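K.L.:
Provided below: run-v7.cif, containing mmCIF, C-alpha atoms and all ligand atoms.
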```cif
data_protein
loop_
_atom_site.label_atom_id
_atom_site.label_comp_id
_atom_site.auth_asym_id
_atom_site.auth_seq_id
_atom_site.Cartn_x
_atom_site.Cartn_y
_atom_site.Cartn_z
CA MET A 53 33.63 31.29 -12.32
CA ALA A 54 30.35 33.12 -12.67
CA ALA A 55 27.15 31.28 -12.07
CA GLN A 56 25.56 30.09 -15.26
CA THR A 57 21.85 29.57 -15.68
CA ALA A 58 20.22 26.42 -16.91
CA SER A 59 18.91 28.17 -19.99
CA ALA A 60 22.37 29.43 -20.88
CA ALA A 61 23.72 25.90 -20.54
CA SER A 62 21.04 24.49 -22.75
CA THR A 63 21.35 27.06 -25.50
CA GLY A 64 25.12 26.83 -25.36
CA GLY A 65 25.14 23.13 -26.13
CA GLY A 66 28.01 21.23 -24.52
CA VAL A 67 29.15 22.80 -21.26
CA GLY A 68 31.99 21.33 -19.26
CA VAL A 69 31.09 20.12 -15.80
CA GLY A 70 34.34 21.49 -14.47
CA VAL A 71 35.85 18.19 -13.41
CA GLY A 72 37.97 15.88 -15.49
CA VAL A 73 37.37 16.15 -19.19
CA GLY A 74 34.81 18.55 -20.54
CA VAL A 75 31.73 16.52 -21.29
CA GLY A 76 28.52 18.14 -22.41
CA VAL A 77 25.76 18.47 -19.88
CA GLY A 78 22.17 18.40 -20.94
CA VAL A 79 19.25 20.76 -21.09
CA GLY A 80 18.13 21.99 -17.72
CA VAL A 81 21.48 21.66 -16.02
CA GLY A 82 23.73 24.58 -15.32
CA GLU A 83 27.25 24.96 -14.05
CA VAL A 84 27.81 27.11 -11.00
CA ALA A 85 30.89 28.24 -9.13
CA GLY A 86 33.49 25.63 -8.20
CA GLY A 87 32.42 23.08 -10.76
CA ALA A 88 29.08 22.50 -9.07
CA LEU A 89 25.95 21.74 -11.08
CA GLU A 90 22.43 22.98 -10.85
CA MET A 91 19.97 20.20 -11.51
CA ARG A 92 16.46 18.95 -10.85
CA ALA A 93 16.04 16.47 -8.02
CA ALA A 94 13.17 14.95 -6.00
CA VAL A 95 13.53 16.29 -2.48
CA LEU A 96 11.96 14.96 0.70
CA ARG A 97 11.60 18.11 2.80
CA GLU A 98 9.76 16.58 5.72
CA PRO A 99 8.40 13.07 6.34
CA GLY A 100 4.71 12.85 5.53
CA ARG A 101 4.82 15.72 3.06
CA PRO A 102 4.74 14.96 -0.68
CA VAL A 103 8.12 14.65 -2.34
CA ALA A 104 8.59 17.44 -4.89
CA VAL A 105 11.09 18.26 -7.61
CA GLU A 106 13.36 21.23 -6.85
CA THR A 107 16.40 22.83 -8.42
CA VAL A 108 19.35 21.90 -6.23
CA THR A 109 23.13 22.24 -6.41
CA LEU A 110 25.49 19.28 -6.66
CA ALA A 111 29.17 19.92 -5.91
CA ALA A 112 31.91 18.28 -7.96
CA PRO A 113 33.16 14.84 -6.91
CA ARG A 114 36.02 14.81 -4.42
CA ARG A 115 38.76 12.23 -4.02
CA ASP A 116 37.50 8.65 -4.52
CA GLU A 117 34.15 9.87 -5.85
CA VAL A 118 32.51 9.96 -9.28
CA LEU A 119 29.86 12.10 -10.91
CA VAL A 120 27.21 10.04 -12.70
CA ARG A 121 24.63 11.32 -15.15
CA VAL A 122 21.52 9.44 -14.10
CA ALA A 123 19.61 7.65 -16.86
CA ALA A 124 16.89 5.94 -14.84
CA ALA A 125 16.01 5.06 -11.26
CA GLY A 126 13.71 2.50 -9.66
CA VAL A 127 11.28 3.46 -6.90
CA CYS A 128 11.73 1.06 -3.99
CA HIS A 129 9.75 0.48 -0.81
CA SER A 130 12.62 1.88 1.24
CA ASP A 131 11.97 5.23 -0.48
CA VAL A 132 8.40 5.06 0.82
CA HIS A 133 9.63 4.28 4.34
CA LEU A 134 11.98 7.27 4.19
CA ALA A 135 9.25 9.54 2.78
CA ASP A 136 6.89 8.43 5.55
CA GLY A 137 9.50 8.87 8.29
CA LEU A 138 9.51 5.18 9.22
CA LEU A 139 13.28 4.61 9.20
CA GLY A 140 14.12 6.86 12.12
CA ALA A 141 14.29 10.57 12.87
CA GLY A 142 16.58 13.11 11.25
CA ARG A 143 16.44 11.74 7.71
CA ALA A 144 15.40 14.91 5.90
CA PRO A 145 15.80 17.07 3.94
CA MET A 146 17.01 14.43 1.50
CA VAL A 147 17.27 13.77 -2.21
CA LEU A 148 15.67 10.33 -2.48
CA GLY A 149 16.57 7.38 -4.70
CA HIS A 150 19.08 4.55 -4.24
CA GLU A 151 18.36 2.16 -7.15
CA GLY A 152 19.47 3.45 -10.52
CA ALA A 153 21.91 3.47 -13.39
CA GLY A 154 23.68 6.04 -15.49
CA VAL A 155 26.90 7.05 -17.19
CA VAL A 156 30.07 8.31 -15.50
CA GLU A 157 30.50 11.98 -16.32
CA ALA A 158 33.58 12.82 -14.26
CA VAL A 159 35.92 11.09 -11.84
CA GLY A 160 37.64 12.53 -8.79
CA ASP A 161 41.28 11.92 -7.83
CA GLY A 162 42.32 8.46 -6.81
CA VAL A 163 39.55 6.58 -8.63
CA ASP A 164 40.65 3.32 -10.24
CA GLY A 165 38.56 1.16 -12.51
CA LEU A 166 36.02 3.79 -13.58
CA SER A 167 36.30 6.13 -16.54
CA VAL A 168 34.21 8.85 -18.08
CA GLY A 169 31.58 7.22 -20.30
CA ASP A 170 31.32 3.98 -18.32
CA HIS A 171 27.81 2.68 -17.77
CA VAL A 172 27.26 2.00 -14.07
CA ALA A 173 24.65 0.75 -11.62
CA PHE A 174 24.51 2.35 -8.19
CA CYS A 175 25.47 0.37 -5.07
CA PHE A 176 24.25 1.91 -1.82
CA VAL A 177 26.78 0.20 0.43
CA PRO A 178 30.20 1.26 -0.91
CA SER A 179 32.00 -0.82 1.69
CA CYS A 180 35.15 0.66 3.24
CA GLY A 181 37.16 -2.57 3.29
CA ALA A 182 38.69 -1.65 6.65
CA CYS A 183 36.00 -1.99 9.37
CA GLY A 184 35.34 -5.14 11.36
CA ALA A 185 32.45 -6.26 9.16
CA CYS A 186 34.41 -5.71 5.94
CA ARG A 187 37.46 -7.53 7.30
CA ALA A 188 35.17 -10.42 8.26
CA GLY A 189 33.94 -10.58 4.66
CA ARG A 190 30.48 -9.16 5.47
CA ARG A 191 30.80 -6.19 3.16
CA THR A 192 27.10 -5.30 2.95
CA LEU A 193 27.23 -4.85 6.73
CA CYS A 194 30.08 -2.29 6.42
CA GLU A 195 30.00 -0.20 9.58
CA THR A 196 31.37 2.95 7.96
CA ALA A 197 28.91 2.86 5.06
CA GLY A 198 26.11 2.05 7.50
CA ARG A 199 26.89 5.04 9.72
CA PHE A 200 27.24 7.57 6.91
CA GLY A 201 24.38 6.06 4.91
CA VAL A 202 21.97 6.62 7.80
CA ALA A 203 23.35 10.15 8.19
CA GLY A 204 22.70 10.81 4.48
CA MET A 205 26.35 11.67 3.87
CA LEU A 206 29.04 10.28 1.57
CA MET A 207 31.97 8.20 2.87
CA ASP A 208 33.88 11.29 4.12
CA GLY A 209 30.88 12.29 6.23
CA THR A 210 29.86 15.29 4.11
CA SER A 211 27.21 16.08 1.49
CA ARG A 212 27.66 17.41 -2.05
CA LEU A 213 24.00 18.51 -2.20
CA ARG A 214 22.58 21.93 -1.36
CA ALA A 215 19.08 23.35 -1.72
CA ALA A 216 18.55 26.65 -3.54
CA ASP A 217 18.67 28.45 -0.17
CA GLY A 218 22.03 26.84 0.65
CA ALA A 219 20.68 24.27 3.14
CA VAL A 220 22.54 20.95 3.22
CA LEU A 221 20.55 18.08 1.66
CA GLN A 222 21.15 14.43 2.53
CA HIS A 223 22.09 11.86 -0.12
CA GLY A 224 19.36 9.18 0.02
CA LEU A 225 21.18 5.97 1.07
CA MET A 226 24.44 7.51 -0.20
CA VAL A 227 23.09 7.60 -3.78
CA ALA A 228 20.34 10.25 -4.24
CA CYS A 229 19.54 9.24 -7.80
CA PHE A 230 16.04 10.75 -8.15
CA ALA A 231 18.01 13.52 -9.80
CA GLU A 232 19.68 14.37 -13.07
CA TYR A 233 23.14 13.72 -11.60
CA ALA A 234 24.57 11.97 -8.57
CA VAL A 235 27.97 12.16 -6.89
CA VAL A 236 28.71 8.83 -5.25
CA PRO A 237 31.75 7.13 -3.73
CA ALA A 238 33.62 5.20 -6.42
CA GLY A 239 32.57 1.99 -4.66
CA GLY A 240 28.97 3.08 -5.16
CA ALA A 241 29.19 2.77 -8.95
CA VAL A 242 29.48 -0.71 -10.46
CA PRO A 243 30.59 -0.86 -14.12
CA LEU A 244 28.18 -2.53 -16.55
CA PRO A 245 28.40 -3.69 -20.14
CA ALA A 246 26.87 -1.06 -22.41
CA SER A 247 24.63 -3.71 -23.97
CA ILE A 248 22.17 -3.67 -21.05
CA PRO A 249 19.61 -0.88 -21.53
CA LEU A 250 19.99 1.52 -18.61
CA TRP A 251 16.24 1.66 -17.85
CA GLN A 252 16.55 -2.04 -17.04
CA ALA A 253 20.02 -1.85 -15.46
CA ALA A 254 18.50 0.65 -13.01
CA LEU A 255 17.00 -2.29 -11.11
CA LEU A 256 20.28 -4.13 -10.58
CA GLY A 257 21.66 -2.18 -7.63
CA CYS A 258 18.80 -2.76 -5.20
CA GLY A 259 15.97 -5.08 -6.26
CA VAL A 260 18.00 -7.63 -8.21
CA VAL A 261 21.05 -7.93 -5.98
CA THR A 262 18.87 -7.96 -2.84
CA GLY A 263 16.41 -10.56 -4.12
CA VAL A 264 18.81 -12.96 -5.77
CA GLY A 265 21.35 -12.50 -2.98
CA ALA A 266 18.80 -13.59 -0.38
CA VAL A 267 18.44 -16.88 -2.26
CA ASN A 268 22.21 -17.34 -2.16
CA ARG A 269 22.28 -16.59 1.57
CA ALA A 270 19.59 -19.20 2.16
CA GLY A 271 21.73 -21.81 0.39
CA LEU A 272 18.99 -23.30 -1.78
CA ARG A 273 19.51 -26.81 -3.13
CA VAL A 274 18.15 -28.25 -6.34
CA GLY A 275 14.53 -29.29 -5.85
CA ALA A 276 14.04 -27.15 -2.72
CA THR A 277 10.53 -26.12 -1.66
CA VAL A 278 10.16 -22.35 -1.43
CA CYS A 279 7.54 -19.78 -0.46
CA VAL A 280 7.97 -16.10 -1.35
CA ILE A 281 5.68 -13.71 0.52
CA GLY A 282 5.50 -10.36 -1.27
CA CYS A 283 5.99 -10.25 -5.04
CA GLY A 284 6.98 -6.65 -5.67
CA GLY A 285 10.21 -5.42 -7.21
CA VAL A 286 12.39 -7.44 -4.83
CA GLY A 287 10.16 -10.48 -4.28
CA LEU A 288 10.02 -11.11 -8.03
CA GLN A 289 13.82 -11.23 -8.03
CA VAL A 290 13.75 -13.76 -5.18
CA ILE A 291 11.53 -15.92 -7.38
CA ALA A 292 13.87 -15.55 -10.34
CA GLY A 293 16.80 -16.47 -8.10
CA ALA A 294 15.01 -19.50 -6.69
CA ARG A 295 14.22 -20.70 -10.22
CA LEU A 296 17.86 -20.23 -11.29
CA ALA A 297 19.00 -22.10 -8.16
CA GLY A 298 16.87 -25.08 -9.16
CA ALA A 299 14.04 -24.85 -6.67
CA GLY A 300 11.23 -27.36 -7.15
CA THR A 301 8.03 -25.92 -5.72
CA ILE A 302 7.91 -22.11 -5.57
CA VAL A 303 4.74 -20.76 -3.94
CA ALA A 304 4.21 -17.02 -4.51
CA VAL A 305 2.02 -15.05 -2.07
CA ASP A 306 0.78 -11.51 -2.66
CA VAL A 307 -2.34 -9.36 -2.23
CA ASP A 308 -2.25 -8.22 -5.87
CA PRO A 309 -3.39 -10.70 -8.58
CA GLY A 310 -1.33 -8.81 -11.17
CA LYS A 311 1.88 -9.39 -9.24
CA LEU A 312 1.00 -13.07 -8.86
CA GLU A 313 0.68 -13.29 -12.66
CA LEU A 314 4.18 -11.87 -12.97
CA ALA A 315 5.41 -14.27 -10.30
CA LEU A 316 4.09 -17.24 -12.29
CA ARG A 317 5.79 -15.92 -15.42
CA ARG A 318 9.07 -15.63 -13.47
CA GLY A 319 9.02 -19.23 -12.34
CA ALA A 320 6.63 -19.56 -9.41
CA THR A 321 4.82 -22.90 -9.61
CA HIS A 322 1.85 -21.84 -7.45
CA ALA A 323 0.20 -18.56 -6.52
CA VAL A 324 -1.74 -17.76 -3.35
CA LEU A 325 -3.79 -14.57 -3.07
CA GLY A 326 -3.31 -13.27 0.46
CA ARG A 327 -6.27 -10.93 0.61
CA GLY A 328 -9.36 -10.62 2.80
CA GLY A 329 -8.43 -13.00 5.61
CA SER A 330 -7.66 -15.88 3.26
CA PRO A 331 -5.94 -18.82 4.97
CA VAL A 332 -2.53 -18.22 3.37
CA VAL A 333 -0.58 -20.45 5.74
CA GLU A 334 -2.97 -23.39 5.32
CA GLU A 335 -2.86 -23.06 1.54
CA VAL A 336 0.94 -22.98 1.45
CA LEU A 337 1.17 -25.96 3.80
CA ALA A 338 -1.21 -27.90 1.56
CA LEU A 339 0.62 -26.96 -1.66
CA SER A 340 4.02 -27.90 -0.24
CA GLY A 341 3.10 -31.17 1.44
CA GLY A 342 3.35 -29.88 5.00
CA GLY A 343 5.57 -26.81 4.74
CA VAL A 344 8.46 -25.37 2.74
CA GLU A 345 12.17 -25.62 3.40
CA HIS A 346 12.73 -21.95 2.62
CA ALA A 347 10.40 -19.01 3.14
CA PHE A 348 11.29 -15.47 2.07
CA GLU A 349 9.46 -12.49 3.52
CA VAL A 350 9.74 -9.51 1.19
CA VAL A 351 7.21 -7.15 2.72
CA GLY A 352 8.54 -5.99 6.08
CA ARG A 353 5.44 -6.45 8.26
CA PRO A 354 5.06 -8.44 11.47
CA ASP A 355 2.08 -10.45 10.15
CA THR A 356 3.87 -11.53 6.97
CA ILE A 357 7.09 -12.29 8.88
CA ARG A 358 4.99 -14.53 11.11
CA GLN A 359 3.51 -16.17 7.99
CA ALA A 360 7.03 -16.89 6.73
CA TRP A 361 7.71 -18.70 10.00
CA ASP A 362 4.39 -20.56 9.97
CA VAL A 363 4.76 -21.96 6.43
CA LEU A 364 8.07 -23.66 7.27
CA ARG A 365 8.38 -27.37 7.70
CA PRO A 366 10.48 -28.57 10.68
CA GLY A 367 14.11 -27.66 10.05
CA GLY A 368 13.17 -24.94 7.56
CA THR A 369 14.56 -21.43 7.34
CA ALA A 370 12.72 -18.14 7.00
CA THR A 371 14.72 -15.27 5.51
CA VAL A 372 13.38 -11.77 6.13
CA VAL A 373 14.27 -9.46 3.25
CA GLY A 374 11.52 -6.86 3.70
CA VAL A 375 12.42 -3.67 5.55
CA ALA A 376 10.18 -3.08 8.57
CA PRO A 377 9.68 0.38 10.06
CA VAL A 378 11.87 1.22 13.06
CA GLY A 379 10.25 -0.05 16.27
CA VAL A 380 8.22 -2.90 14.75
CA GLU A 381 8.49 -6.16 16.69
CA VAL A 382 7.61 -9.74 15.75
CA SER A 383 6.47 -12.53 18.03
CA LEU A 384 6.95 -16.24 17.41
CA PRO A 385 5.69 -19.34 19.22
CA ALA A 386 8.81 -20.26 21.18
CA ILE A 387 7.85 -23.93 21.49
CA GLU A 388 8.52 -24.25 17.77
CA PHE A 389 12.25 -23.79 18.24
CA LEU A 390 12.06 -27.48 19.15
CA SER A 391 11.34 -28.10 15.46
CA GLU A 392 14.71 -26.52 14.64
CA LYS A 393 13.27 -23.81 12.47
CA THR A 394 15.56 -20.86 11.74
CA ILE A 395 14.70 -17.23 11.11
CA THR A 396 17.30 -14.83 9.77
CA GLY A 397 17.64 -11.65 7.77
CA SER A 398 19.33 -10.82 4.51
CA TYR A 399 20.52 -7.29 3.82
CA TYR A 400 21.36 -6.20 0.31
CA GLY A 401 22.17 -9.70 -0.90
CA SER A 402 24.51 -10.54 2.00
CA SER A 403 27.67 -10.63 -0.10
CA ASP A 404 30.12 -8.45 -2.01
CA VAL A 405 27.78 -6.38 -4.18
CA HIS A 406 30.36 -5.76 -6.92
CA ALA A 407 31.16 -9.46 -7.25
CA ALA A 408 27.48 -10.40 -7.06
CA LEU A 409 26.55 -7.89 -9.76
CA ASP A 410 29.31 -9.15 -12.05
CA ARG A 411 27.69 -12.59 -11.97
CA LEU A 412 24.13 -11.30 -12.26
CA VAL A 413 25.05 -9.08 -15.20
CA GLN A 414 26.44 -12.12 -17.01
CA LEU A 415 23.11 -13.91 -16.49
CA VAL A 416 21.32 -10.88 -17.93
CA VAL A 417 23.67 -10.73 -20.94
CA ASP A 418 23.16 -14.46 -21.51
CA GLY A 419 19.39 -14.01 -21.49
CA ARG A 420 18.86 -16.13 -18.38
CA LEU A 421 17.70 -13.32 -16.09
CA ASP A 422 15.08 -10.88 -17.34
CA LEU A 423 15.05 -7.36 -15.94
CA GLY A 424 12.41 -5.38 -17.78
CA ASP A 425 9.46 -7.66 -17.08
CA VAL A 426 9.08 -6.40 -13.50
CA VAL A 427 8.75 -2.77 -14.62
CA SER A 428 5.08 -1.89 -14.32
CA ASP A 429 5.32 1.89 -14.82
CA LEU A 430 7.77 4.15 -16.68
CA ILE A 431 7.43 7.68 -15.33
CA GLU A 432 9.01 11.13 -15.37
CA LEU A 433 10.80 12.61 -12.37
CA ASP A 434 7.72 14.68 -11.52
CA GLY A 435 5.76 11.46 -11.11
CA VAL A 436 7.74 10.25 -8.11
CA GLU A 437 5.07 11.02 -5.50
CA GLY A 438 2.51 9.07 -7.56
CA ALA A 439 4.91 6.12 -7.68
CA LEU A 440 5.36 6.26 -3.89
CA ASP A 441 1.56 6.24 -3.55
CA ARG A 442 1.26 3.14 -5.76
CA LEU A 443 3.77 1.38 -3.49
CA ARG A 444 1.80 2.49 -0.40
CA ARG A 445 -1.28 0.85 -1.95
CA GLY A 446 0.67 -2.26 -2.95
CA GLU A 447 0.01 -1.65 -6.65
CA GLY A 448 2.40 -2.45 -9.47
CA ALA A 449 5.73 -4.23 -9.28
CA ARG A 450 8.28 -1.50 -10.01
CA SER A 451 8.05 2.09 -11.22
CA VAL A 452 11.13 3.30 -13.06
CA ILE A 453 11.78 7.03 -13.34
CA VAL A 454 13.24 7.78 -16.75
CA ILE A 455 15.43 10.82 -16.17
CA ASP A 456 17.25 10.91 -19.50
CA GLU A 457 15.31 9.12 -22.26
CA ALA A 458 18.26 8.96 -24.66
CA LEU A 459 20.61 7.45 -22.09
CA ALA A 460 17.95 5.19 -20.60
CA GLY A 461 17.02 3.76 -24.00
CA VAL A 462 13.28 4.16 -23.54
CA SER A 463 10.70 6.92 -23.71
CA VAL A 464 8.06 7.69 -21.15
ZN ZN B 1 15.70 -0.45 -2.41
ZN ZN B 2 33.57 -1.41 6.11
#
```
Would you mind writing the file out in structure tokens?
P.N.:
Amino acid sequence: MAAQTASAASTGGGVGVGVGVGVGVGVGVGEVAGGALEMRAAVLREPGRPVAVETVTLAAPRRDEVLVRVAAAGVCHSDVHLADGLLGAGRAPMVLGHEGAGVVEAVGDGVDGLSVGDHVAFCFVPSCGACGACRAGRRTLCETAGRFGVAGMLMDGTSRLRAADGAVLQHGLMVACFAEYAVVPAGGAVPLPASIPLWQAALLGCGVVTGVGAVNRAGLRVGATVCVIGCGGVGLQVIAGARLAGAGTIVAVDVDPGKLELALRRGATHAVLGRGGSPVVEEVLALSGGGVEHAFEVVGRPDTIRQAWDVLRPGGTATVVGVAPVGVEVSLPAIEFLSEKTITGSYYGSSDVHAALDRLVQLVVDGRLDLGDVVSDLIELDGVEGALDRLRRGEGARSVIVIDEALAGVSV
């Protein structure tokens, strides 16, 4: 099949994507040989250099994979870490983006439970079901998905993405949804009811499942005392989860007064501004009558992880959700292990993401879990570097890239 330009595709109206049924592809996307697509995507060429939009090629989905037309994508702090080279060497060139939602455009062989036209949220750990972690029921710790996710490849160890010069591009956390289309493993697409607007559903697959899942992992009881340090896109979901779980006192800590406002609206009972050397720990201890039972660190820095430990009452548990750069270490006063404090981590909600999302989606449909209120900025794909900069400065809760306004259900 001859290569077809983007302009030809757009003037021609509906152009089959070459896989499965012929579904129209939109303006700016062309079909090239072998059922591959040309599309716009935000590419990290080299850590430390601004992320820029390029025209790249996306090959058709293979067995057990699906092609998703991306509606919207959230910009997460892990994207900043990747862009800044803080998650290890060898992670570029890469199409960024791991939190998003869209519509299934084509399915590869062997895919069950997903059909063309389904609305889906991305899941960046499409667990294999066969490794030691999966067999032990720890599916977000899937060893296969972990290995290939770090390598920027799909579950068969290869990439569907190529730059214009033919160079292989990595799939950001096995999703790569800062792009018009994404090919993901079938397990990386979770079906959603069409009633949830996709610009809001975009947040489900990272921020929501990570934040609420951390609350589940901590095993909150009704009336529990809680402190959440870091009230960005994930921390605000921890607060929502704590409220739904029946927490009593919820102390929110952040350096941004705007995010603390949001935290109070989401169910925090107290807000502490952690800026300019303020005595955060003392304030939280005073507000909670001597310390909280559960602290959640949602920043990923040694000083805030230490704060999460210090605000605990004896017997309390600190759960670290924030992603720290590779090589960062934390020190704790070892004498305090006598007070039976616990510190642990929670990765991606610590459960089966598909099952967790089924439950969370029901809460959204029932109006008990708001999604859109954490979205501080709606932007175009070209605005991704600006969104990364806002995260570097700690500004705004969540930027959502609207890639297809009609599908996303919102305009920029
Ligand atoms: Zn994320
Ligand atoms: Zn596995």
K.L.:
Rounded to one decimal place, report the CA of Gly209 in chain A-CA of Ala88 in chain A distance in Å.
P.N.:
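So the two atoms, CA of Gly209 in chain A and CA of Ala88 in chain A, lie 18.5 Å apart.
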K.L.:
Counting all atoms listed in the file, which residues sit no farther than 6 Å from the position (14.2, 15.4, 4.7) in the file's frame? I'd like them as a list in words.
P.N.:
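Residues satisfying the cut-off, written out: Leu96, Arg97, Glu98, Arg143, Ala144, Pro145 and Met146 of chain A.
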K.L.:
Filtering to C-alpha atoms, could you give me those residues as a tab-separated table (two decimals), keeping the file's coordinate frame?
P.N.:
```
chain	number	residue	atom	x	y	z
A	96	LEU	CA	11.96	14.96	0.70
A	97	ARG	CA	11.60	18.11	2.80
A	98	GLU	CA	9.76	16.58	5.72
A	143	ARG	CA	16.44	11.74	7.71
A	144	ALA	CA	15.40	14.91	5.90
A	145	PRO	CA	15.80	17.07	3.94
A	146	MET	CA	17.01	14.43	1.50
```
K.L.:
Around (8.3, -22.5, -2.9) in the file's frame, which residues reach within 7 Å when counting all atoms listed in the file? Return as a list of chain:residue names?
P.N.:
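The residues that fall inside the cut-off are A:Thr277, A:Val278, A:Cys279, A:Val280, A:Thr301, A:Ile302, A:Val303, A:Val344.
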K.L.:
Selection from above, C-alpha atoms, as a JSON list (two decimals), keeping the file's coordinate frame, can you write it?
P.N.:
```
[["chain", "number", "residue", "atom", "x", "y", "z"],
["A", 277, "THR", "CA", 10.53, -26.12, -1.66],
["A", 278, "VAL", "CA", 10.16, -22.35, -1.43],
["A", 279, "CYS", "CA", 7.54, -19.78, -0.46],
["A", 280, "VAL", "CA", 7.97, -16.10, -1.35],
["A", 301, "THR", "CA", 8.03, -25.92, -5.72],
["A", 302, "ILE", "CA", 7.91, -22.11, -5.57],
["A", 303, "VAL", "CA", 4.74, -20.76, -3.94],
["A", 344, "VAL", "CA", 8.46, -25.37, 2.74]]
```
K.L.:
Could you name the residues that touch range 226-232 of chain A at 9 Å or less, counting all atoms listed in the file, but leaving out those on the same chain fewer than 4 positions away, as JSON, numbers by chain?
P.N.:
{"A": [81, 91, 92, 93, 94, 95, 105, 120, 121, 122, 123, 124, 125, 126, 127, 146, 147, 148, 149, 150, 151, 152, 153, 174, 175, 176, 177, 178, 197, 200, 201, 202, 203, 204, 205, 206, 207, 222, 236, 237, 240, 433, 436, 453, 455, 456]}
K.L.:
State, in Å with one decimal place, the distance from CA of Asp410 in chain A to CA of Asp422 in chain A.
P.N.:
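These atoms are spaced 15.3 Å apart.
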K.L.:
Which is closest to Leu250 in chain A among A:Ala408, A:Cys180, A:Ala173, A:Val363, if we use only C-alpha atoms?
P.N.:
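So, comparing all the options, the nearest one is A:Ala173.
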K.L.:
Tell me, counting only C-alpha atoms and all ligand atoms, for each residue of chain A within 7 Å of ligand ZN 2 (chain B), which pair of atoms is nearest and how far apart they are in Å to one decimal, in rows ordered by chain and increasing number, as JSON lines.
P.N.:
```
{"residue": "A:Ser179", "atom": "CA", "partner": "B:ZN2", "partner_atom": "ZN", "distance": 4.7}
{"residue": "A:Cys180", "atom": "CA", "partner": "B:ZN2", "partner_atom": "ZN", "distance": 3.9}
{"residue": "A:Gly181", "atom": "CA", "partner": "B:ZN2", "partner_atom": "ZN", "distance": 4.7}
{"residue": "A:Ala182", "atom": "CA", "partner": "B:ZN2", "partner_atom": "ZN", "distance": 5.2}
{"residue": "A:Cys183", "atom": "CA", "partner": "B:ZN2", "partner_atom": "ZN", "distance": 4.1}
{"residue": "A:Gly184", "atom": "CA", "partner": "B:ZN2", "partner_atom": "ZN", "distance": 6.7}
{"residue": "A:Ala185", "atom": "CA", "partner": "B:ZN2", "partner_atom": "ZN", "distance": 5.8}
{"residue": "A:Cys186", "atom": "CA", "partner": "B:ZN2", "partner_atom": "ZN", "distance": 4.4}
{"residue": "A:Arg191", "atom": "CA", "partner": "B:ZN2", "partner_atom": "ZN", "distance": 6.3}
{"residue": "A:Cys194", "atom": "CA", "partner": "B:ZN2", "partner_atom": "ZN", "distance": 3.6}
{"residue": "A:Glu195", "atom": "CA", "partner": "B:ZN2", "partner_atom": "ZN", "distance": 5.1}
{"residue": "A:Thr196", "atom": "CA", "partner": "B:ZN2", "partner_atom": "ZN", "distance": 5.2}
{"residue": "A:Ala197", "atom": "CA", "partner": "B:ZN2", "partner_atom": "ZN", "distance": 6.4}
```
K.L.:
Could you list the protein, DNA and RNA residues that have any atom within 6 Å of ligand ZN 1 (chain B), counting all atoms listed in the file, and write them as a list in words?
P.N.:
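Residues lying within 6 Å of ligand ZN 1 (chain B): Cys128, Ser130 and Cys258 of chain A.
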K.L.:
Between A:Val286, A:Val84, A:Val333, A:Leu272, which has the minimum distance to Ala299 in chain A (counting all atoms listed in the file)?
P.N.:
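Comparing A:Val286, A:Val84, A:Val333, A:Leu272 against Ala299 in chain A, the winner is A:Leu272.
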K.L.:
Applying 10 Å and only C-alpha atoms, which residues near Ala112 in chain A remain after dropping the ones on its own chain fewer than 2 positions away? List them as number ranges by chain.
P.N.:
A: 69-72, 86-89, 109-110, 114-115, 117-119, 158-160, 212-213, 234-235
K.L.:
How would the residues just picked look written out with C-alpha atoms as a compact mmCIF listing (two decimals), in the coordinates of the input?
P.N.:
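The resulting file, selection05.txt, is shown below:
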```
# COMPACT_ATOMS: atom_id res chain seq x y z
CA VAL A 69 31.09 20.12 -15.80
CA GLY A 70 34.34 21.49 -14.47
CA VAL A 71 35.85 18.19 -13.41
CA GLY A 72 37.97 15.88 -15.49
CA GLY A 86 33.49 25.63 -8.20
CA GLY A 87 32.42 23.08 -10.76
CA ALA A 88 29.08 22.50 -9.07
CA LEU A 89 25.95 21.74 -11.08
CA THR A 109 23.13 22.24 -6.41
CA LEU A 110 25.49 19.28 -6.66
CA ARG A 114 36.02 14.81 -4.42
CA ARG A 115 38.76 12.23 -4.02
CA GLU A 117 34.15 9.87 -5.85
CA VAL A 118 32.51 9.96 -9.28
CA LEU A 119 29.86 12.10 -10.91
CA ALA A 158 33.58 12.82 -14.26
CA VAL A 159 35.92 11.09 -11.84
CA GLY A 160 37.64 12.53 -8.79
CA ARG A 212 27.66 17.41 -2.05
CA LEU A 213 24.00 18.51 -2.20
CA ALA A 234 24.57 11.97 -8.57
CA VAL A 235 27.97 12.16 -6.89
```
K.L.:
For the interface of range 205-297 of chain A with range 315-326 of chain A (cut-off 7 Å, counting all atoms listed in the file), please tabulate each contacting residue of range 205-297 of chain A alongside its nearest pair of atoms and their separation in Å to one decimal, rows sorted by chain and increasing number, as a tab-separated table.
P.N.:
```
residue	atom	partner	partner_atom	distance
A:Cys283	CA	A:Ala315	CA	6.6
A:Leu288	CA	A:Ala315	CA	6.0
A:Ile291	CA	A:Ala320	CA	6.4
A:Ala292	CA	A:Arg318	CA	5.7
A:Arg295	CA	A:Gly319	CA	5.8
```
K.L.:
Let me make sure I understand: among A:Val380, A:Val452, A:Val416, A:Val462, which one has the smallest atom-to-atom distance to Ile248 in chain A if we use only C-alpha atoms?
P.N.:
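Nearest candidate to Ile248 in chain A out of A:Val380, A:Val452, A:Val416, A:Val462: A:Val416.
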